[in-house]
Amino acid sequence: MVKSIFYPLFVAVLLVALIEFILVYWGGYNEITIGDTNCSYVVKESNFSHYRSNCNLFHKNWEQDEGVWYHFNQDGRRGAERINSVKQIAFVGDSFTLGAMVSEKNTIISYLNAKKKYQTYAFHNYGVGGEQFHNLHAKLNTFDFGSYEKIILGITPNDFFNIVDGSDPAFYSNPQRVAKENKISSSVQKISTFLLNLSVTRALLYHFLSIDRFYMQIYEARKPYSGYLSDPMSPKFKDALEHMGEKISSLNPSVKSKLVIFLLPQRAQVVSFRLGRHSESFYREFDLMCKKHNLKCGFPSILKLSKIPDNSHYVVDGHMKPSGNAMVASDLYNFLYELD
């Protein structure tokens with residue numbers, strides 16, 4: 001009896017191990033990290049993150065054929081900067097602003113630098129992976145941006161996720177519930193991390209989520225985080241936008257007067273457009289919030305992003321590819337041009 005169970009199990013394990021070997025060494029479904037893995041650190045007294053001076057990190061995501069070097073200069077910002085520029089523009093945001101998963105030359109900032117109008121400007125990249133809105137607000141509220149002509153705040157819907165799920169420090173309406181949900185979320189995260197470390201799981205997930213309708217079914221099931229895709233938009237996301245407007249309005253006038261807010265799109269928004277299910281609710285509410293608080297706000301064309309042949313975003317990770325960054329940079333440039 002034991003032998004009859006053991007042999008099929010042994011064969012199955014051996015087969016999985018063989019598939020793993022093939023996918024890792026011939027399929028490229030492996031992760032590689034070289035350099036300083038602690039480049040980022042939290043400025044605790046100010047509640048936002050920054051990068052260490054002259055830090056270098058190489059990372060290859062399993063979705064990529066080749067990895068990316070992240071070089072942070074002496075000021076802890078990514079990328080080379082023009083030294084003798086008369087005018088400076090700060091770009092504040094999360095990993096989308098940083099340019100996660102693309103080389104420095106393929107970031108939104110580098111594409112803006114290539115525009116003739118900005119040949120006398122220096123864009124400084126203050127994007128940090130993992131930052132939420134309260135971190136970005138803290139940076140705007142405490143960092144010295146006095147030398148900058150403009151401050152661009154790159155915002156994505158996921159910057160509001162800890163507001164809509166109640167885990168933002170300003171939204172601890174029920175600490176016990178939040179602690180319980182965080183514990184459950186942590187357990188789910190551990191299981192997900194284990195499964196995603198298997199190349200077999202990665203390959204299946206990639207091909208499954210490459211199909212738009214399956215991707216949207218999975219994404220829309222992520223309540224309350226998918227609420228910005230609904231029509232009308234979920235009340236929690238509407239509250240999050242209003243919270244953002246109030247916080248931005250409370251900034252020092254010298255910062256607010258320089259501020260330009262630009263929405264950076266997630267893959268779910270582009271896929272929903274391709275499926276003909278795109279809701280304008282989030283953009284309407286965003287626009288109304290900006291007008292109410294007298295803010296300068298813009299967003300890129302989802303239509304143009306949806307027509308990029310090789311897709312604008314990575315399938316599973318969700319960050320923008322070089323083509324997506326280039327198109328967003330073009331729309332941002334046009335928006336800035338109109339403001340001037």
# chains A, B, ... in the order shown; residues from 1 in each chain; ligands from 1

$ select_by_dssp --residues "range 85-322 of chain A" --states "alpha helix (DSSP H)" --output "MDAnalysis selection string"
chainID A and resid 95:98 108:113 133:142 161:164 175:196 199:209 212:220 235:249 253:256 267:274 281:292 302:306 322

$ select_by_dssp --residues "range 71-261 of chain A" --states "strand (DSSP E or B)" --output "VMD selection string"
chain A and resid 71 to 72 78 87 to 93 121 to 127 150 to 155 259 to 261

$ closest_residue --among "A:Phe237, A:Phe214, A:Phe335, A:Tyr41" --to "Glu285 in chain A" --atoms "only C-alpha atoms"
A:Phe237

$ atom_distance --atom1 "CA of Glu338 in chain A" --atom2 "CA of Val260 in chain A"
12.1 Å

$ residues_around --residues "Ile83 in chain A" --least-positions-apart "6" --cutoff "12 Å" --atoms "only C-alpha atoms" --output "list of chain:residue names"
A:Gln119, A:Thr120, A:Tyr121, A:Ala122, A:Phe123, A:His124

$ write_last_selection --atoms "N, CA and C atoms" --output "mmCIF file, in the first residue's frame"
data_model
loop_
_atom_site.group_PDB
_atom_site.id
_atom_site.type_symbol
_atom_site.label_atom_id
_atom_site.label_comp_id
_atom_site.auth_asym_id
_atom_site.auth_seq_id
_atom_site.Cartn_x
_atom_site.Cartn_y
_atom_site.Cartn_z
ATOM 1 N N GLN A 119 15.512 71.179 -22.322
ATOM 2 C CA GLN A 119 16.962 71.021 -22.396
ATOM 3 C C GLN A 119 17.710 71.876 -21.366
ATOM 4 N N THR A 120 17.039 72.888 -20.845
ATOM 5 C CA THR A 120 17.678 73.726 -19.821
ATOM 6 C C THR A 120 17.191 73.376 -18.409
ATOM 7 N N TYR A 121 16.360 72.317 -18.316
ATOM 8 C CA TYR A 121 15.813 71.899 -17.029
ATOM 9 C C TYR A 121 16.544 70.667 -16.504
ATOM 10 N N ALA A 122 16.423 70.463 -15.211
ATOM 11 C CA ALA A 122 16.895 69.218 -14.589
ATOM 12 C C ALA A 122 15.722 68.606 -13.826
ATOM 13 N N PHE A 123 15.329 67.404 -14.218
ATOM 14 C CA PHE A 123 14.282 66.684 -13.503
ATOM 15 C C PHE A 123 14.931 65.848 -12.406
ATOM 16 N N HIS A 124 14.454 65.971 -11.194
ATOM 17 C CA HIS A 124 14.976 65.192 -10.087
ATOM 18 C C HIS A 124 13.953 64.133 -9.690
#

$ closest_residue --among "A:Lys116, A:Arg202, A:Lys105, A:His50" --to "Glu131 in chain A" --atoms "only C-alpha atoms"
A:His50

$ closest_residue --among "A:Thr201, A:Ser210, A:Ser312, A:Asn135" --to "Val270 in chain A" --atoms "only C-alpha atoms"
A:Ser312

$ residues_around --residues "range 203-207 of chain A" --least-positions-apart "3" --cutoff "7 Å" --atoms "only C-alpha atoms" --output "NGL selection string"
:A and (199-200 or 210 or 315-316)

$ closest_residue --among "A:Tyr29, A:Gln88, A:Gln64, A:Cys290" --to "Ser249 in chain A" --atoms "only C-alpha atoms"
A:Cys290

$ residues_around --residues "range 45-48 of chain A" --least-positions-apart "6" --cutoff "10 Å" --atoms "only C-alpha atoms" --output "PyMOL selection string"
chain A and resi 128+131-143

$ residues_around --residues "Val255 in chain A" --least-positions-apart "3" --cutoff "9 Å" --atoms "only C-alpha atoms" --output "list of chain:residue names"
A:Leu140, A:Asn141, A:Phe145, A:Gly146, A:Lys150, A:Ile151, A:Leu251, A:Asn252, A:Lys258, A:Leu259

$ residues_around --residues "Tyr51 in chain A" --least-positions-apart "5" --cutoff "6 Å" --atoms "only C-alpha atoms" --output "number ranges by chain"
A: 39-40, 76

$ write_last_selection --atoms "N, CA and C atoms" --output "mmCIF file, in the first residue's frame"
data_model
loop_
_atom_site.group_PDB
_atom_site.id
_atom_site.type_symbol
_atom_site.label_atom_id
_atom_site.label_comp_id
_atom_site.auth_asym_id
_atom_site.auth_seq_id
_atom_site.Cartn_x
_atom_site.Cartn_y
_atom_site.Cartn_z
ATOM 1 N N CYS A 39 18.944 49.724 -0.269
ATOM 2 C CA CYS A 39 19.123 51.084 -0.785
ATOM 3 C C CYS A 39 18.098 52.056 -0.196
ATOM 4 N N SER A 40 16.883 51.595 0.019
ATOM 5 C CA SER A 40 15.861 52.495 0.545
ATOM 6 C C SER A 40 15.800 52.428 2.063
ATOM 7 N N GLY A 76 20.733 60.556 -3.404
ATOM 8 C CA GLY A 76 19.756 59.495 -3.210
ATOM 9 C C GLY A 76 18.637 59.484 -4.231
#

$ atom_distance --atom1 "CA of His293 in chain A" --atom2 "CA of Thr97 in chain A"
23.6 Å

$ closest_residue --among "A:Gly93, A:Gly245, A:Gly99, A:Gly276" --to "Met289 in chain A" --atoms "only C-alpha atoms"
A:Gly245
